[in-house]
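Printed here is start-v7.cif (mmCIF, C-alpha atoms):
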data_start
#
loop_
_atom_site.group_PDB
_atom_site.id
_atom_site.type_symbol
_atom_site.label_atom_id
_atom_site.label_comp_id
_atom_site.auth_asym_id
_atom_site.auth_seq_id
_atom_site.Cartn_x
_atom_site.Cartn_y
_atom_site.Cartn_z
ATOM 1 C CA MET A 1 -52.499 -10.452 64.437
ATOM 2 C CA ARG A 2 -49.268 -11.471 62.700
ATOM 3 C CA TYR A 3 -46.871 -8.957 61.147
ATOM 4 C CA THR A 4 -45.251 -9.837 57.887
ATOM 5 C CA PRO A 5 -41.427 -9.295 57.550
ATOM 6 C CA ARG A 6 -42.078 -6.463 55.081
ATOM 7 C CA LEU A 7 -44.370 -4.646 57.534
ATOM 8 C CA GLN A 8 -41.898 -5.123 60.347
ATOM 9 C CA GLY A 9 -39.136 -3.660 58.176
ATOM 10 C CA ARG A 10 -41.215 -0.578 57.507
ATOM 11 C CA LYS A 11 -41.806 -0.177 61.238
ATOM 12 C CA LEU A 12 -38.035 -0.144 61.830
ATOM 13 C CA ILE A 13 -37.193 2.314 59.048
ATOM 14 C CA ILE A 14 -38.860 5.365 60.642
ATOM 15 C CA PRO A 15 -37.186 5.131 64.096
ATOM 16 C CA SER A 16 -33.846 4.368 62.476
ATOM 17 C CA PHE A 17 -34.193 7.430 60.248
ATOM 18 C CA PHE A 18 -34.776 9.742 63.224
ATOM 19 C CA PHE A 19 -31.942 8.083 65.167
ATOM 20 C CA ILE A 20 -29.525 8.813 62.313
ATOM 21 C CA ILE A 21 -30.694 12.448 62.176
ATOM 22 C CA ALA A 22 -30.105 12.793 65.947
ATOM 23 C CA LEU A 23 -26.580 11.432 65.588
ATOM 24 C CA CYS A 24 -25.820 13.920 62.815
ATOM 25 C CA VAL A 25 -27.099 16.851 64.899
ATOM 26 C CA LEU A 26 -25.026 15.738 67.895
ATOM 27 C CA ALA A 27 -21.908 15.407 65.759
ATOM 28 C CA PHE A 28 -22.475 18.880 64.291
ATOM 29 C CA ILE A 29 -22.795 20.459 67.762
ATOM 30 C CA ASN A 30 -19.641 18.762 68.992
ATOM 31 C CA GLU A 31 -17.756 19.908 65.909
ATOM 32 C CA ILE A 32 -18.739 23.524 66.631
ATOM 33 C CA ARG A 33 -17.613 23.235 70.259
ATOM 34 C CA PHE A 34 -14.346 21.590 69.309
ATOM 35 C CA GLY A 35 -13.706 24.246 66.681
ATOM 36 C CA SER A 36 -14.204 26.990 69.263
ATOM 37 C CA LEU A 37 -11.823 25.291 71.645
ATOM 38 C CA LEU A 38 -9.162 24.972 68.959
ATOM 39 C CA SER A 39 -9.611 28.617 68.013
ATOM 40 C CA PHE A 40 -9.031 29.785 71.576
ATOM 41 C CA GLY A 41 -6.152 27.374 71.978
ATOM 42 C CA ARG A 42 -4.494 28.834 68.902
ATOM 43 C CA CYS A 43 -4.918 32.291 70.421
ATOM 44 C CA ALA A 44 -3.370 31.299 73.739
ATOM 45 C CA LEU A 45 -0.403 29.707 72.012
ATOM 46 C CA SER A 46 -0.076 31.975 68.985
ATOM 47 C CA ASN A 47 3.137 33.498 70.347
ATOM 48 C CA VAL A 48 4.720 30.251 71.519
ATOM 49 C CA PRO A 49 6.707 28.715 68.647
ATOM 50 C CA MET A 50 7.432 25.055 69.350
ATOM 51 C CA ASN A 51 10.792 23.466 68.745
ATOM 52 C CA ASN A 52 11.225 19.837 67.853
ATOM 53 C CA GLY A 53 12.492 18.895 71.278
ATOM 54 C CA SER A 54 9.709 20.530 73.270
ATOM 55 C CA SER A 55 6.687 18.901 74.801
ATOM 56 C CA GLU A 56 3.504 20.783 75.570
ATOM 57 C CA THR A 57 1.336 19.478 78.389
ATOM 58 C CA PRO A 58 -2.107 20.759 79.429
ATOM 59 C CA LEU A 59 -1.923 22.901 82.547
ATOM 60 C CA LEU A 60 -4.061 20.655 84.737
ATOM 61 C CA SER A 61 -2.440 17.406 83.662
ATOM 62 C CA SER A 62 -2.314 15.042 86.644
ATOM 63 C CA SER A 63 0.929 13.547 85.326
ATOM 64 C CA SER A 64 2.881 16.799 85.864
ATOM 65 C CA SER A 65 5.073 16.823 88.964
ATOM 66 C CA SER A 66 7.438 19.282 90.618
ATOM 67 C CA SER A 67 11.075 18.364 90.287
ATOM 68 C CA SER A 68 12.100 20.046 93.554
ATOM 69 C CA GLY A 69 10.242 17.727 95.888
ATOM 70 C CA ASP A 70 9.160 20.467 98.332
ATOM 71 C CA ASN A 71 6.150 22.722 98.746
ATOM 72 C CA GLU A 72 7.987 26.042 98.836
ATOM 73 C CA ILE A 73 7.483 28.220 95.779
ATOM 74 C CA ARG A 74 9.081 31.593 95.118
ATOM 75 C CA ILE A 75 7.568 33.695 92.324
ATOM 76 C CA LEU A 76 8.577 37.086 90.951
ATOM 77 C CA VAL A 77 5.890 39.038 89.109
ATOM 78 C CA GLY A 78 7.319 41.990 87.201
ATOM 79 C CA ILE A 79 4.650 44.480 86.091
ATOM 80 C CA LEU A 80 6.003 46.527 83.210
ATOM 81 C CA THR A 81 4.697 50.062 83.475
ATOM 82 C CA LEU A 82 5.821 53.715 83.171
ATOM 83 C CA PRO A 83 7.299 56.031 85.821
ATOM 84 C CA ASP A 84 4.374 58.477 85.689
ATOM 85 C CA GLN A 85 1.732 55.793 86.338
ATOM 86 C CA TYR A 86 1.470 56.588 90.059
ATOM 87 C CA PRO A 87 -2.314 56.038 90.449
ATOM 88 C CA ARG A 88 -2.157 52.719 88.608
ATOM 89 C CA ARG A 89 0.655 51.436 90.840
ATOM 90 C CA HIS A 90 -1.227 52.392 94.009
ATOM 91 C CA PHE A 91 -4.339 50.677 92.667
ATOM 92 C CA LEU A 92 -2.433 47.481 91.848
ATOM 93 C CA ARG A 93 -0.835 47.488 95.300
ATOM 94 C CA MET A 94 -4.351 47.219 96.707
ATOM 95 C CA ILE A 95 -5.277 44.498 94.219
ATOM 96 C CA TYR A 96 -2.322 42.258 95.061
ATOM 97 C CA GLY A 97 -1.792 43.314 98.672
ATOM 98 C CA THR A 98 -5.263 42.115 99.699
ATOM 99 C CA GLN A 99 -4.988 38.650 98.155
ATOM 100 C CA ALA A 100 -4.385 35.705 100.475
ATOM 101 C CA ILE A 101 -1.175 33.762 99.835
ATOM 102 C CA PRO A 102 -0.867 30.117 100.985
ATOM 103 C CA ASN A 103 1.723 29.230 103.624
ATOM 104 C CA GLY A 104 5.180 28.484 102.265
ATOM 105 C CA ILE A 105 4.612 30.639 99.188
ATOM 106 C CA LYS A 106 6.578 33.799 98.432
ATOM 107 C CA ILE A 107 5.274 36.118 95.727
ATOM 108 C CA ASP A 108 7.049 39.408 95.070
ATOM 109 C CA VAL A 109 5.187 41.869 92.859
ATOM 110 C CA LYS A 110 7.552 44.492 91.450
ATOM 111 C CA PHE A 111 6.866 47.459 89.170
ATOM 112 C CA VAL A 112 9.392 47.696 86.352
ATOM 113 C CA PHE A 113 10.289 50.692 84.203
ATOM 114 C CA CYS A 114 13.299 52.363 82.588
ATOM 115 C CA ASN A 115 15.417 55.328 83.665
ATOM 116 C CA LEU A 116 13.725 58.359 85.203
ATOM 117 C CA THR A 117 13.723 61.453 82.980
ATOM 118 C CA LYS A 118 11.886 64.143 85.003
ATOM 119 C CA GLU A 119 12.711 65.983 88.201
ATOM 120 C CA ASP A 120 9.358 65.157 89.811
ATOM 121 C CA GLN A 121 9.887 61.456 89.087
ATOM 122 C CA LYS A 122 13.147 61.502 91.012
ATOM 123 C CA VAL A 123 11.293 62.707 94.107
ATOM 124 C CA LEU A 124 7.982 60.830 93.808
ATOM 125 C CA VAL A 125 9.430 57.497 92.708
ATOM 126 C CA ALA A 126 12.066 57.725 95.445
ATOM 127 C CA LEU A 127 9.280 58.207 98.012
ATOM 128 C CA GLU A 128 7.478 55.158 96.610
ATOM 129 C CA ILE A 129 10.614 53.072 96.973
ATOM 130 C CA MET A 130 11.121 54.270 100.532
ATOM 131 C CA ARG A 131 7.542 53.362 101.399
ATOM 132 C CA TYR A 132 6.934 50.174 99.413
ATOM 133 C CA ASP A 133 10.315 48.892 98.144
ATOM 134 C CA ASP A 134 8.618 47.311 95.131
ATOM 135 C CA ILE A 135 10.165 49.124 92.154
ATOM 136 C CA ILE A 136 12.866 48.028 89.693
ATOM 137 C CA ILE A 137 14.419 50.784 87.554
ATOM 138 C CA LEU A 138 16.198 49.336 84.519
ATOM 139 C CA ASN A 139 19.121 51.000 82.786
ATOM 140 C CA CYS A 140 17.301 51.694 79.520
ATOM 141 C CA ASN A 141 15.155 54.242 77.723
ATOM 142 C CA GLU A 142 11.406 53.683 77.851
ATOM 143 C CA ASN A 143 10.266 51.774 74.803
ATOM 144 C CA MET A 144 7.607 49.432 73.575
ATOM 145 C CA ASN A 145 8.635 46.343 71.609
ATOM 146 C CA LYS A 146 12.252 47.504 71.397
ATOM 147 C CA GLY A 147 13.978 45.451 74.047
ATOM 148 C CA LYS A 148 12.486 46.440 77.415
ATOM 149 C CA THR A 149 11.361 42.880 78.082
ATOM 150 C CA TYR A 150 14.852 41.552 77.318
ATOM 151 C CA THR A 151 16.460 44.180 79.564
ATOM 152 C CA TYR A 152 14.132 43.176 82.393
ATOM 153 C CA PHE A 153 14.710 39.441 82.171
ATOM 154 C CA SER A 154 18.437 39.585 81.464
ATOM 155 C CA SER A 155 19.000 41.962 84.403
ATOM 156 C CA LEU A 156 17.421 39.681 86.994
ATOM 157 C CA PRO A 157 20.379 37.332 87.628
ATOM 158 C CA ASP A 158 22.585 40.292 88.599
ATOM 159 C CA LEU A 159 19.833 42.081 90.529
ATOM 160 C CA PHE A 160 19.141 39.091 92.747
ATOM 161 C CA ASN A 161 22.584 37.545 93.272
ATOM 162 C CA GLU A 162 23.013 38.064 97.013
ATOM 163 C CA THR A 163 25.085 35.300 98.561
ATOM 164 C CA ASP A 164 22.737 34.930 101.519
ATOM 165 C CA SER A 165 19.662 34.473 99.277
ATOM 166 C CA PRO A 166 18.128 31.120 98.337
ATOM 167 C CA ASN A 167 19.352 29.513 95.140
ATOM 168 C CA PRO A 168 17.612 30.175 92.874
ATOM 169 C CA PRO A 169 16.133 33.363 94.344
ATOM 170 C CA TYR A 170 12.879 32.599 92.504
ATOM 171 C CA HIS A 171 11.601 29.363 91.048
ATOM 172 C CA TYR A 172 9.412 31.183 88.516
ATOM 173 C CA ILE A 173 9.543 34.681 87.058
ATOM 174 C CA MET A 174 7.004 36.394 84.870
ATOM 175 C CA LYS A 175 6.183 39.588 83.059
ATOM 176 C CA ALA A 176 2.785 41.232 83.258
ATOM 177 C CA ASP A 177 1.233 44.451 82.022
ATOM 178 C CA ASP A 178 -0.488 46.935 84.302
ATOM 179 C CA ASP A 179 -3.864 46.130 82.735
ATOM 180 C CA ILE A 180 -3.898 42.478 83.799
ATOM 181 C CA TYR A 181 -5.547 41.025 86.900
ATOM 182 C CA ILE A 182 -3.736 37.976 88.269
ATOM 183 C CA ARG A 183 -5.393 35.768 90.882
ATOM 184 C CA LEU A 184 -2.322 34.821 92.847
ATOM 185 C CA GLU A 185 -3.709 31.775 94.649
ATOM 186 C CA ASN A 186 -4.823 30.235 91.355
ATOM 187 C CA LEU A 187 -1.463 31.071 89.790
ATOM 188 C CA VAL A 188 0.306 29.218 92.603
ATOM 189 C CA ALA A 189 -2.001 26.206 92.254
ATOM 190 C CA SER A 190 -1.265 26.067 88.521
ATOM 191 C CA LEU A 191 2.512 26.197 89.025
ATOM 192 C CA LYS A 192 2.791 23.718 91.908
ATOM 193 C CA PRO A 193 2.774 20.545 89.784
ATOM 194 C CA LEU A 194 5.082 21.946 87.093
ATOM 195 C CA PRO A 195 8.848 21.457 86.618
ATOM 196 C CA ARG A 196 11.168 24.166 87.902
ATOM 197 C CA GLU A 197 13.770 23.967 85.162
ATOM 198 C CA ASP A 198 13.574 24.849 81.460
ATOM 199 C CA LEU A 199 9.891 25.711 81.909
ATOM 200 C CA TYR A 200 7.993 28.029 79.577
ATOM 201 C CA TYR A 201 4.380 28.755 80.453
ATOM 202 C CA GLY A 202 3.376 31.106 77.663
ATOM 203 C CA TYR A 203 0.875 33.969 77.387
ATOM 204 C CA VAL A 204 2.005 36.204 80.289
ATOM 205 C CA ILE A 205 5.420 34.537 80.142
ATOM 206 C CA PRO A 206 6.022 32.795 83.436
ATOM 207 C CA PHE A 207 9.151 30.669 83.164
ATOM 208 C CA SER A 208 11.803 29.089 85.351
ATOM 209 C CA TRP A 209 14.809 30.975 86.737
ATOM 210 C CA ASP A 210 17.365 29.096 84.641
ATOM 211 C CA ILE A 211 15.912 30.630 81.473
ATOM 212 C CA ALA A 212 16.595 34.128 82.831
ATOM 213 C CA VAL A 213 20.220 33.105 83.409
ATOM 214 C CA TRP A 214 20.381 31.804 79.840
ATOM 215 C CA LEU A 215 18.918 35.069 78.482
ATOM 216 C CA LYS A 216 21.609 37.035 80.294
ATOM 217 C CA ASP A 217 24.469 35.033 78.779
ATOM 218 C CA SER A 218 23.117 34.079 75.344
ATOM 219 C CA GLU A 219 23.828 36.036 72.165
ATOM 220 C CA ILE A 220 20.548 34.942 70.572
ATOM 221 C CA PRO A 221 18.263 37.577 72.164
ATOM 222 C CA LYS A 222 20.759 40.360 71.550
ATOM 223 C CA LYS A 223 20.436 39.849 67.785
ATOM 224 C CA HIS A 224 16.628 40.050 67.823
ATOM 225 C CA LEU A 225 15.260 42.662 70.225
ATOM 226 C CA GLU A 226 12.594 44.519 68.272
ATOM 227 C CA GLY A 227 9.069 43.355 67.545
ATOM 228 C CA PRO A 228 5.980 42.225 69.486
ATOM 229 C CA GLU A 229 7.474 41.184 72.816
ATOM 230 C CA ASP A 230 5.647 37.891 73.329
ATOM 231 C CA LYS A 231 6.404 36.732 69.792
ATOM 232 C CA VAL A 232 10.050 37.782 70.024
ATOM 233 C CA PHE A 233 10.397 35.903 73.299
ATOM 234 C CA GLY A 234 8.965 32.798 71.669
ATOM 235 C CA ASP A 235 11.474 33.164 68.834
ATOM 236 C CA TRP A 236 14.320 33.211 71.366
ATOM 237 C CA MET A 237 13.036 30.019 72.950
ATOM 238 C CA LYS A 238 12.794 28.321 69.581
ATOM 239 C CA GLU A 239 16.234 29.327 68.329
ATOM 240 C CA GLY A 240 17.916 28.552 71.644
ATOM 241 C CA ARG A 241 16.041 25.261 72.037
ATOM 242 C CA ARG A 242 14.939 26.330 75.489
ATOM 243 C CA GLY A 243 11.652 25.907 77.295
ATOM 244 C CA LYS A 244 11.329 22.207 76.519
ATOM 245 C CA ASN A 245 8.829 21.897 79.372
ATOM 246 C CA ARG A 246 5.953 23.869 77.895
ATOM 247 C CA PHE A 247 2.558 24.257 79.483
ATOM 248 C CA ASN A 248 -0.463 26.416 78.817
ATOM 249 C CA ALA A 249 -3.513 27.645 80.684
ATOM 250 C CA LYS A 250 -5.684 28.300 77.614
ATOM 251 C CA TRP A 251 -9.107 28.936 79.168
ATOM 252 C CA SER A 252 -7.727 30.195 82.497
ATOM 253 C CA MET A 253 -5.818 33.165 81.035
ATOM 254 C CA TYR A 254 -7.760 35.294 78.624
ATOM 255 C CA ASN A 255 -8.712 38.801 77.580
ATOM 256 C CA PHE A 256 -11.683 40.677 79.050
ATOM 257 C CA PRO A 257 -14.909 39.471 77.368
ATOM 258 C CA GLU A 258 -15.551 42.747 75.545
ATOM 259 C CA PRO A 259 -14.976 43.323 72.723
ATOM 260 C CA PRO A 260 -15.301 39.629 71.839
ATOM 261 C CA THR A 261 -12.374 38.097 69.948
ATOM 262 C CA LYS A 262 -10.882 34.622 69.613
ATOM 263 C CA CYS A 263 -8.836 35.442 72.743
ATOM 264 C CA THR A 264 -11.834 36.251 74.971
ATOM 265 C CA HIS A 265 -14.576 34.418 76.791
ATOM 266 C CA GLU A 266 -16.849 35.105 79.747
ATOM 267 C CA LEU A 267 -15.394 35.440 83.232
ATOM 268 C CA TRP A 268 -15.381 32.116 85.074
ATOM 269 C CA PRO A 269 -14.325 30.817 88.534
ATOM 270 C CA ASP A 270 -11.159 28.949 87.463
ATOM 271 C CA THR A 271 -9.549 32.097 86.091
ATOM 272 C CA ILE A 272 -5.841 32.715 86.638
ATOM 273 C CA ALA A 273 -5.555 36.030 84.784
ATOM 274 C CA VAL A 274 -7.746 38.497 82.895
ATOM 275 C CA HIS A 275 -5.989 40.815 80.439
ATOM 276 C CA LEU A 276 -6.885 44.099 78.720
ATOM 277 C CA LEU A 277 -8.614 45.797 81.650
ATOM 278 C CA LYS A 278 -8.182 49.139 79.971
ATOM 279 C CA ASN A 279 -10.576 51.224 82.086
ATOM 280 C CA GLN A 280 -12.076 51.349 85.564
ATOM 281 C CA GLU A 281 -15.420 49.900 84.452
ATOM 282 C CA LYS A 282 -13.736 46.704 83.255
ATOM 283 C CA TRP A 283 -11.716 46.450 86.448
ATOM 284 C CA ILE A 284 -14.826 46.881 88.629
ATOM 285 C CA ARG A 285 -16.810 44.313 86.664
ATOM 286 C CA THR A 286 -13.962 41.850 87.021
ATOM 287 C CA LEU A 287 -13.412 42.488 90.727
ATOM 288 C CA ASN A 288 -17.138 42.250 91.440
ATOM 289 C CA TYR A 289 -17.365 38.935 89.621
ATOM 290 C CA PHE A 290 -14.630 37.452 91.800
ATOM 291 C CA ASN A 291 -16.138 39.038 94.936
ATOM 292 C CA VAL A 292 -12.803 40.453 96.067
ATOM 293 C CA THR A 293 -14.298 42.418 99.001
ATOM 294 C CA SER A 294 -15.980 39.379 100.584
ATOM 295 C CA ASN A 295 -13.472 39.370 103.469
ATOM 296 C CA LEU A 296 -14.187 42.954 104.496
ATOM 297 C CA LYS A 297 -14.580 42.924 108.278
ATOM 298 C CA PRO A 298 -17.604 44.666 109.801
ATOM 299 C CA SER A 299 -16.859 47.802 111.786
ATOM 300 C CA LYS A 300 -18.628 50.775 113.337
ATOM 301 C CA LEU A 301 -16.167 53.001 111.486
ATOM 302 C CA TYR A 302 -17.763 52.529 108.067
ATOM 303 C CA HIS A 303 -20.931 51.306 106.379
ATOM 304 C CA ILE A 304 -20.712 49.942 102.835
ATOM 305 C CA PRO A 305 -24.017 48.655 101.391
#
Just give me the structure of the file as structure tokens.
Amino acid sequence: MRYTPRLQGRKLIIPSFFFIIALCVLAFINEIRFGSLLSFGRCALSNVPMNNGSSETPLLSSSSSSSSGDNEIRILVGILTLPDQYPRRHFLRMIYGTQAIPNGIKIDVKFVFCNLTKEDQKVLVALEIMRYDDIIILNCNENMNKGKTYTYFSSLPDLFNETDSPNPPYHYIMKADDDIYIRLENLVASLKPLPREDLYYGYVIPFSWDIAVWLKDSEIPKKHLEGPEDKVFGDWMKEGRRGKNRFNAKWSMYNFPEPPTKCTHELWPDTIAVHLLKNQEKWIRTLNYFNVTSNLKPSKLYHIP
């Protein structure tokens, strides 16, 4: 049986029609996914104003390379908290003290707050310092969004200026809140390929030591201290044309999944930091997800199901 050209054309129309529909559906799905990615990206970078001379590179870019040429990394993590938050500090000491740190890596986790104002603080905080030596007391009055972050960063060059210390004392410094969970090994892996000068990471504000020195000496921050801390810090970087090496973690640093916002998504294995762990339930869910007690050694002294 022979098919006429007209009949053959009709045979081709129907499959072609469904093929076009499939392409449209696929394009629509991809557009939704891309839109979600852009939305989260805007959230992660919402407080990082870009200057004309800066270049932003994805965190896991294979083209990034360390400028120091060695494997040693020194990181200072300053957790901004309040003097009376004794239980929270003890809890965080367990969280960070039980994490494995790769060889050649130095990570100092310090708790940062302003001047003590109560008699009991002078005794209890002093005992903490004697036992743990992990507290920085700034010469300021406790405040939120009124310059505490600036006081912390600008004080570091004078606090760590011992002549027998490495230069710089830390390659990277950062600020964190006491409701954030940082996975230190993943943080190190993310910083290893990055430059060690004029670096601005964003979100929880890791940056290179030279920026702290600039903050100490520059007049720009002193004229603009009040406001949301992350945004104000970004304004300093923009006006001072600093942080030209800018990187972001986007999907690896995010807020706890609930309540859902454009800054949240589900917990996932490549996480560097989870923010807004405002209660014990959220902390436990997060710690369980990352199986933080997997290295608990068996013993006759205890039985944990």
If the PyMOL selection byres ((chain A and resi 100) around 8) is run on the structure shown, which residues does it catch, given as a ChimeraX atom specification?
/A:98-99,101-102,184-185
Written file, previous selection with C-alpha atoms, as a PDB file, keeping the file's coordinate frame:
ATOM      1  CA  THR A  98      -5.263  42.115  99.699  1.00  0.00           C
ATOM      2  CA  GLN A  99      -4.988  38.650  98.155  1.00  0.00           C
ATOM      3  CA  ILE A 101      -1.175  33.762  99.835  1.00  0.00           C
ATOM      4  CA  PRO A 102      -0.867  30.117 100.985  1.00  0.00           C
ATOM      5  CA  LEU A 184      -2.322  34.821  92.847  1.00  0.00           C
ATOM      6  CA  GLU A 185      -3.709  31.775  94.649  1.00  0.00           C
TER       7      GLU A 185
END
Could you tell me which residues the PyMOL selection byres ((chain A and resi 292) around 12) returns for this structure, as an NGL selection string?
:A and (94-100 or 181 or 183 or 283-291 or 293-296)
Could you turn the residues from that selection into a file that holds C-alpha atoms, as a tab-separated table (two decimals), in the coordinates of the input?
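And here's out39.tsv as it stands now:
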chain	number	residue	atom	x	y	z
A	94	MET	CA	-4.35	47.22	96.71
A	95	ILE	CA	-5.28	44.50	94.22
A	96	TYR	CA	-2.32	42.26	95.06
A	97	GLY	CA	-1.79	43.31	98.67
A	98	THR	CA	-5.26	42.12	99.70
A	99	GLN	CA	-4.99	38.65	98.16
A	100	ALA	CA	-4.38	35.70	100.48
A	181	TYR	CA	-5.55	41.02	86.90
A	183	ARG	CA	-5.39	35.77	90.88
A	283	TRP	CA	-11.72	46.45	86.45
A	284	ILE	CA	-14.83	46.88	88.63
A	285	ARG	CA	-16.81	44.31	86.66
A	286	THR	CA	-13.96	41.85	87.02
A	287	LEU	CA	-13.41	42.49	90.73
A	288	ASN	CA	-17.14	42.25	91.44
A	289	TYR	CA	-17.36	38.94	89.62
A	290	PHE	CA	-14.63	37.45	91.80
A	291	ASN	CA	-16.14	39.04	94.94
A	293	THR	CA	-14.30	42.42	99.00
A	294	SER	CA	-15.98	39.38	100.58
A	295	ASN	CA	-13.47	39.37	103.47
A	296	LEU	CA	-14.19	42.95	104.50
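Among A:Glu72, A:Ser190, A:Leu116, A:Tyr150, the residue with the shortest atom-to-atom distance to A:Ile220, counting all atoms listed in the file, is A:Tyr150.
Neighbouring residues of stretch 165-168 of chain A at 12 Å or closer, counting only C-alpha atoms and skipping chain neighbours under 5 positions away, are Ser68, Glu72, Ile73, Arg74, Ile75, Leu76, Lys106, Leu156, Pro157, Leu159, Phe160, Ile173, Arg196, Glu197, Ser208, Trp209, Asp210, Ile211, Ala212 and Val213 of chain A.
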Selected residues written out, C-alpha atoms, as a CSV table (one decimal), in the frame of the given file:
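Saved result, out_5.csv, follows:
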chain,number,residue,atom,x,y,z
A,68,SER,CA,12.1,20.0,93.6
A,72,GLU,CA,8.0,26.0,98.8
A,73,ILE,CA,7.5,28.2,95.8
A,74,ARG,CA,9.1,31.6,95.1
A,75,ILE,CA,7.6,33.7,92.3
A,76,LEU,CA,8.6,37.1,91.0
A,106,LYS,CA,6.6,33.8,98.4
A,156,LEU,CA,17.4,39.7,87.0
A,157,PRO,CA,20.4,37.3,87.6
A,159,LEU,CA,19.8,42.1,90.5
A,160,PHE,CA,19.1,39.1,92.7
A,173,ILE,CA,9.5,34.7,87.1
A,196,ARG,CA,11.2,24.2,87.9
A,197,GLU,CA,13.8,24.0,85.2
A,208,SER,CA,11.8,29.1,85.4
A,209,TRP,CA,14.8,31.0,86.7
A,210,ASP,CA,17.4,29.1,84.6
A,211,ILE,CA,15.9,30.6,81.5
A,212,ALA,CA,16.6,34.1,82.8
A,213,VAL,CA,20.2,33.1,83.4
Padding of 6 Å on every side, edges along x, y and z, all listed atoms of stretch 90-108 of chain A included: what centre and edge lengths in Å, to one decimal, does that box have, as JSON?
{"center_x": 0.9, "center_y": 40.4, "center_z": 97.7, "size_x": 24.3, "size_y": 35.9, "size_z": 23.8}
To one decimal place, how far is atom CA of A:Thr117 from atom CA of A:Glu142 in Å?
9.6 Å
Skip A:Leu124 itself and residues of its chain fewer than 5 positions away, then list as a PDB file with C-alpha atoms, in the frame of the given file all residues within 10 Å of it, counting all atoms listed in the file.
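The file below, result_3.pdb, is the result:
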ATOM      1  CA  PRO A  83       7.299  56.031  85.821  1.00  0.00           C
ATOM      2  CA  ASP A  84       4.374  58.477  85.689  1.00  0.00           C
ATOM      3  CA  TYR A  86       1.470  56.588  90.059  1.00  0.00           C
ATOM      4  CA  GLU A 119      12.711  65.983  88.201  1.00  0.00           C
ATOM      5  CA  ILE A 129      10.614  53.072  96.973  1.00  0.00           C
ATOM      6  CA  MET A 130      11.121  54.270 100.532  1.00  0.00           C
TER       7      MET A 130
END
Can you measure atom CA of A:His224 to atom CA of A:Phe113 for me? One decimal in Å is fine.
20.5 Å
Rank A:Glu226, A:Asp179, A:Glu128, A:Asp120 by their smallest atom-to-atom distance to A:Asn279, using all atoms listed in the file, and report the top residue only.
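Looking at the shortest contact to A:Asn279, the residue is A:Asp179.
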Report, in Å with one decimal, the straight-line distance from atom CA of A:Lys146 to atom CA of A:Gly227.
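Atom CA of A:Gly227 lies at a distance of 6.5 Å from atom CA of A:Lys146.
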Which is closer to A:Tyr170 than all the others in A:Pro206, A:Pro228, A:Pro260, A:Pro87, using all atoms listed in the file?
A:Pro206
Expanded to explicit residues, what is the PyMOL selection byres ((chain A and resi 138) around 10) for this file, as a PDB file with C-alpha atoms, in the coordinates of the input?
ATOM      1  CA  VAL A 112       9.392  47.696  86.352  1.00  0.00           C
ATOM      2  CA  PHE A 113      10.289  50.692  84.203  1.00  0.00           C
ATOM      3  CA  CYS A 114      13.299  52.363  82.588  1.00  0.00           C
ATOM      4  CA  ASN A 115      15.417  55.328  83.665  1.00  0.00           C
ATOM      5  CA  LEU A 116      13.725  58.359  85.203  1.00  0.00           C
ATOM      6  CA  ILE A 135      10.165  49.124  92.154  1.00  0.00           C
ATOM      7  CA  ILE A 136      12.866  48.028  89.693  1.00  0.00           C
ATOM      8  CA  ILE A 137      14.419  50.784  87.554  1.00  0.00           C
ATOM      9  CA  ASN A 139      19.121  51.000  82.786  1.00  0.00           C
ATOM     10  CA  CYS A 140      17.301  51.694  79.520  1.00  0.00           C
ATOM     11  CA  ASN A 141      15.155  54.242  77.723  1.00  0.00           C
ATOM     12  CA  GLU A 142      11.406  53.683  77.851  1.00  0.00           C
ATOM     13  CA  LYS A 148      12.486  46.440  77.415  1.00  0.00           C
ATOM     14  CA  THR A 151      16.460  44.180  79.564  1.00  0.00           C
ATOM     15  CA  TYR A 152      14.132  43.176  82.393  1.00  0.00           C
ATOM     16  CA  SER A 155      19.000  41.962  84.403  1.00  0.00           C
TER      17      SER A 155
END
Residue with smallest distance to A:Leu80 - pool A:Tyr302, A:Tyr132, A:Phe153, A:Phe111, counting only C-alpha atoms
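That would be A:Phe111, the residue with the smallest distance to A:Leu80.
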Which residues of stretch 115-212 of chain A come within 6 Å of stretch 245-251 of chain A, and for each one, what is the closest pair of atoms and their distance in Å to one decimal, counting all atoms listed in the file, sorted by chain and residue number, as a Markdown table?
| residue | atom | partner | partner_atom | distance |
| --- | --- | --- | --- | --- |
| A:Asp198 | CA | A:Asn245 | CA | 6.0 |
| A:Leu199 | CA | A:Asn245 | CA | 4.7 |
| A:Tyr200 | CA | A:Arg246 | CA | 4.9 |
| A:Tyr201 | CA | A:Phe247 | CA | 4.9 |
